[in-house]
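Visitor: Submitted below is the structure of interest, expressed as structure tokens.
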Amino acid sequence: MNKHMTIIAMITLLTACGGGGDGGDVASVTASDTGNGSASTSSAPSMLVDTSGGVADIPETITSSATSMSETVVSDDFSYNPVLEQQFDVDIRGYSVSPAYISIYGAFAENDDGTFTADYNSRITSAPVEDGEATLDYVSSDSQYYVLAEVWFYDGTSPVQKRIPNTEASWTW
């Protein structure tokens with residue numbers, strides 16, 4: 001009898017624990033093949049990607065023949081501060097003026113279809129987009145050559161993404 005009570009108690013505890021996760025909602029934006037010849041799509045809108053934009057300013061790798069710190073020569077204009085203060089202006093009024101929310105991510109991967117998958121743990125900053133416009137102030141590293149901007153609309157309008165190089169200070173859609 002005691003053995004049965006232990007098993008019932010363990011089942012109850014395991015059932016009550018529920019699933020893991022961080023509580024965040026992640027929407028799928030891809031279509032999948034159901035295996036029977038028909039395709040099913042998620043209820044999430046497909047992601048639109050703004051492919052305009054420039055190339056990041058990636059400095060040339062500098063080599064030195066110095067063998068000790070006393071032989072190292074550093075130019076007068078070199079900054080030892082790796083922190084950059086950035087201001088980024090967003091204007092997507094040409095696409096939508098619906099209420100939205102923009103997030104900037106430091107880590108992301110490009111998918112085969114040209115969209116990006118953000119590492120949601122790498123969010124640098126975020127802000128509401130009101131009437132199609134937003135301004136984001138954030139701090140990044142001087143080695144952060146690209147960031148990803150994602151705009152999600154509250155009304156279900158298809159979300160938009162843009163990979164932003166460190167040479168840009170604004171995004172107009």
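Letters for chains follow the order of the structure tokens (A, B, ...), residue numbers begin at 1 for each chain, and ligand numbers begin at 1 in the order shown.
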Any chance you could list, as a PyMOL selection string, the residues in segment 71-146 of chain A that come up strand (DSSP E or B) when DSSP is run on the backbone?
Guide: chain A and resi 83-91+100-105+108-110+116-118+123-130+133-141+146
Visitor: Hey, what's within 6 Å of segment 46-52 of chain A if we count only C-alpha atoms and toss same-chain stuff fewer than 4 positions away? As a list in words, please?
Guide: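 Once the adjacent positions are removed, what remains is Val29, Ser158, Pro159, Val160, Gln161 and Lys162 of chain A.
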Visitor: Using only C-alpha atoms, which of A:Glu133, A:Asp91, A:Glu71, A:Glu150 sits nearest Phe108 of chain A?
Guide: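 Closest candidate: A:Glu150.
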Visitor: Do you know which residues are at most 12 Å from Asp155 of chain A counting only C-alpha atoms, after dropping those on the same chain fewer than 3 positions away, and could you put them as a list in words?
Guide: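 Counting only C-alpha atoms, the residues come to Ala44, Pro45, Ser96, Val97, Ser98, Pro99, Ala100, Tyr101, Trp152, Ser158 and Pro159 of chain A.
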Visitor: Got a sec: who's within 6 Å of Pro165 of chain A, counting only C-alpha atoms, leaving out chain neighbours fewer than 3 positions off, as an mmCIF file with N, CA and C atoms, in the first residue's frame?
Guide:
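Full text of selection25.cif as output:
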data_model
loop_
_atom_site.group_PDB
_atom_site.id
_atom_site.type_symbol
_atom_site.label_atom_id
_atom_site.label_comp_id
_atom_site.auth_asym_id
_atom_site.auth_seq_id
_atom_site.Cartn_x
_atom_site.Cartn_y
_atom_site.Cartn_z
ATOM 1 N N VAL A 55 27.293 48.063 -45.772
ATOM 2 C CA VAL A 55 28.222 47.091 -45.231
ATOM 3 C C VAL A 55 28.840 47.667 -43.972
ATOM 4 N N ALA A 56 29.080 46.820 -43.002
ATOM 5 C CA ALA A 56 29.668 47.257 -41.742
ATOM 6 C C ALA A 56 31.090 47.746 -41.948
ATOM 7 N N TYR A 145 29.627 44.542 -35.272
ATOM 8 C CA TYR A 145 29.564 45.100 -36.619
ATOM 9 C C TYR A 145 28.156 45.122 -37.187
ATOM 10 N N TYR A 146 27.310 44.179 -36.776
ATOM 11 C CA TYR A 146 25.928 44.127 -37.234
ATOM 12 C C TYR A 146 25.016 43.848 -36.052
ATOM 13 N N GLU A 168 25.231 52.554 -40.063
ATOM 14 C CA GLU A 168 23.933 53.204 -40.219
ATOM 15 C C GLU A 168 23.396 53.715 -38.902
#
Visitor: Would you work out the distance separating atom CA of Ser140 of chain A from atom CA of Ala169 of chain A, expressed in Å to one decimal?
Guide: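 The value is 13.1 Å.
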Visitor: What's around Pro82 of chain A at 12 Å? Count only C-alpha atoms, leave out sequence neighbours fewer than 5 positions away in its own chain, and write the answer as number ranges by chain.
Guide: A: 139-144
Visitor: As a list in words, please: the residues near Gly94 of chain A (cut-off 12 Å, only C-alpha atoms, same-chain neighbours under 4 positions excluded).
Guide: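 Residues meeting the cut-off are Val90, Ser98, Asp131, Gly132, Glu133, Trp171, Thr172 and Trp173 of chain A.
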Visitor: For the selection you just gave me, I'd like the residues written to a file as a short mmCIF file (atom, residue, chain, number, x, y, z; two decimals), in the first residue's frame, keeping C-alpha atoms.
Guide:
data_model
loop_
_atom_site.label_atom_id
_atom_site.label_comp_id
_atom_site.auth_asym_id
_atom_site.auth_seq_id
_atom_site.Cartn_x
_atom_site.Cartn_y
_atom_site.Cartn_z
CA VAL A 90 13.43 54.14 -37.18
CA SER A 98 0.14 50.55 -36.70
CA ASP A 131 2.94 56.23 -35.68
CA GLY A 132 5.68 54.33 -37.53
CA GLU A 133 8.59 56.02 -35.75
CA TRP A 171 16.19 52.89 -40.96
CA THR A 172 13.50 54.16 -43.31
CA TRP A 173 11.13 51.66 -44.88
#
Visitor: Between A:Gln86, A:Ala149, A:Ile92, A:Ala118, single out the one closest to Asp137 of chain A, counting only C-alpha atoms.
Guide: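 Closest to Asp137 of chain A of all the choices is A:Gln86.
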Visitor: Quote the spacing between atom CA of Arg93 of chain A and atom CA of Tyr120 of chain A in Å to one decimal place.
Guide: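 Separation of atom CA of Arg93 of chain A and atom CA of Tyr120 of chain A: 25.5 Å.
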Visitor: For each of A:Ser68, A:Phe88, A:Thr125, A:Glu60, take the minimum atom-to-atom distance to Ile104 of chain A, counting only C-alpha atoms, then give the residue where this is smallest.
Guide: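 Looking only at the distances to Ile104 of chain A, the closest residue turns out to be A:Thr125.
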Visitor: Under the rule that only C-alpha atoms are counted, which of A:Pro128, A:Ile164, A:Ser70, A:Ile58 is the nearest residue to Ala107 of chain A?
Guide: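 Selected residue with least distance to Ala107 of chain A: A:Ile164.
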Visitor: Measuring between only C-alpha atoms, which one of A:Gly106, A:Arg123, A:Leu136, A:Ser64 shows the shortest distance to Arg163 of chain A?
Guide: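 Looking at the shortest contact to Arg163 of chain A, the residue is A:Gly106.
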